[in-house]
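Peer 1: Please see the structure below; I have some questions.
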Amino acid sequence: MAVLTAEKVLAALYDVDDLNQNMVSDIAIDGGKVVFAIAVDPAKGKQLEPLRLAAEAAVKKIPGVTSVMAVLTAERKAPPPAPAARQQQPMHKISENPVAPHVKHIIAIASGKGGVGKSTVAANLALAFAAMGKKTGLLDADIYGASQPRMMGIRLRPDTNKDELIIPPVAHGLKIMSMGFFVDETAPVIWRGPMVHTALQQLLRDVDWGDLDMLVIDMPPGTGDAQLSLAQHVPLSGAVIISTPQDVALSEAKKGLLMFQKVDVPILGLIENMSYHLCSNCGHREDIFAHGGVKIAAEKLGVTFLGEIPLHIDIRAAADAGTPIVAAQNAHAVSESFKNIAARIWTALPAEKTVPQAPRTARG
C-alpha cells in the first residue's frame with residue numbers, strides 16, 4: 001500500500017474551491033487518520049464551514065485514508081505595510097453547531113496541575129455514572145496529552161454520519177471522543193492556542209453525542225487559555241476539582257477552583273486522589289502524601305468534599321490494561337469509592353439541563 005504523505009494531502013486539496021494550499025498547515029498523519037488546519041479570512045463568515053467540509057471530502061478520497069478532521073483557524077488581514085506595523089493577533093472560527101444539544105449534564109473534571117491522577121478519576125467516574133444506569137459520554141479534552149484512548153483500551157478510527165458529524169467510538173458502555181484518535185500517539189501535538197480552542201469546540205459541536213444523561217470532560221491540567229475557553233463556552237452543569245493531599249497540589253487546585261468561580265461555573269466538590277497507599281499484599285496503610293488536606297481545604301473554601309481515592313496498584317494496572325477498575329472489578333473497594341462519589345455528584349446536579357448561554361465573562 002502506498003505511503004500516505006503530507007504532499008498527497010496537499011495535492012488532494014488543490015482543486016477545492018476557495019482553498020489555497022498556503023492556507024493549510026499542521027498536517028498530522030497516523031495510519032489512515034489525517035488532521036490538518038486551514039487558515040481563513042474571518043470576513044468569509046458562513047462560507048468557512050462548507051470550505052472545511054469540502055476539504056475533508058477531498059482528502060477522504062485519497063486511497064488509504066480512513067478518517068479526516070480539518071480544523072479551521074482564522075487570521076485577520078494584516079494592515080497596509082508600515083515601518084512599525086505590528087502583526088495582528090490570530091483569530092479563530094468555531095463550528096456553528098450547538099454544543100452537545102441532547103446531553104442533559106456536562107461536567108468538567110479538572111485539576112490545577114498535572115500528575116494528580118485527573119484522567120484516571122475522570123475515566124472511572126464516567127464508568128461509575130454508567131454503572132448507575134446513566135447514559136454517559138467521556139470527552140478527553142487534553143489536546144497535548146490525550147490519555148483516554150490508551151486508558152479505555154480503544155484506538156478506533158472514528159467515522160462520520162450523513163450529517164458529517166463524527167461518530168464517537170464506544171468502549172465499556174461509554175461514548176468516547178479524544179484528539180488521540182486523530183493524531184499519532186507517539187508524536188507531540190504542537191498547536192497554537194487558537195487552533196487548540198477550535199479543536200476543542202469541534203470535539204463538542206461536531207460529534208454526534210446523541211441523547212446522554214452525562215458528558216464527563218477530562219479537562220487539560222492547569223488554568224490556561226484552553227481551560228478558560230472550555231469554562232466560558234460550554235454549558236457546564238458544574239466542575240469537580242481533583243487534588244492530592246500535599247500542600248503544593250492543594251495550592252494549584254485552589255487556583256482551578258477560583259477560575260471556575262470567576263466564570264460562574266458551580267463547583268460540585270473536591271476529591272482527594274492518592275489519599276493514602278494500601279499495600280496489595282498485607283493491606284497496610286501509609287499516608288505517603290499526608291492525608292486529609294483536601295477535606296480541610298474544602299471546608300475552608302466552603303465547598304463539598306466528595307471523597308477520597310487511595311493509591312492502589314489495582315487502579316494503575318487496570319488503567320494500563322485498557323479497562324479502568326470500575327469496569328474491570330466493579331465490586332472492588334476502590335470501585336465502590338468511585339461509585340459513591342459519582343452518586344454524590346449526581347445528587348448535586350440541577351434537576352434541569354443547563355441552558356446554553358452566551359460565553360461566560362470572567363469576573364475580577
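By convention in this document, the chains of the C-alpha cells carry letters A, B, ... by their order, each chain's residues are numbered from 1, and ligands are numbered from 1 in the order they are shown.
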When you look at Leu236 of chain A with a cut-off of 12 Å (counting only C-alpha atoms), what residues show up, excluding the ones that are within fewer than 6 positions of it in the same chain? I need them as a PyMOL selection string.
Peer 2: chain A and resi 99-100+103-109+214-217+229-230+260+263-268+349-350+353-357+359-360
Peer 1: Enumerate, as number ranges by chain, the complete set of residues in segment 188-342 of chain A that a backbone-based DSSP assignment places in strand (DSSP E).
Peer 2: A: 212-218, 238-243, 267-278, 285-286, 305-311
Peer 1: Counting only C-alpha atoms, which of A:Gly307, A:Gly238, A:Pro98, A:Gly31 gets nearest to Ala348 of chain A?
Peer 2: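 For Ala348 of chain A, the nearest of the candidates is A:Gly238.
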Peer 1: Write out as a ChimeraX atom specification all residues of segment 99-258 of chain A that DSSP puts in alpha helix (DSSP H) for this structure's backbone.
Peer 2: /A:118-131,148-151,193-205,225-233,247-258
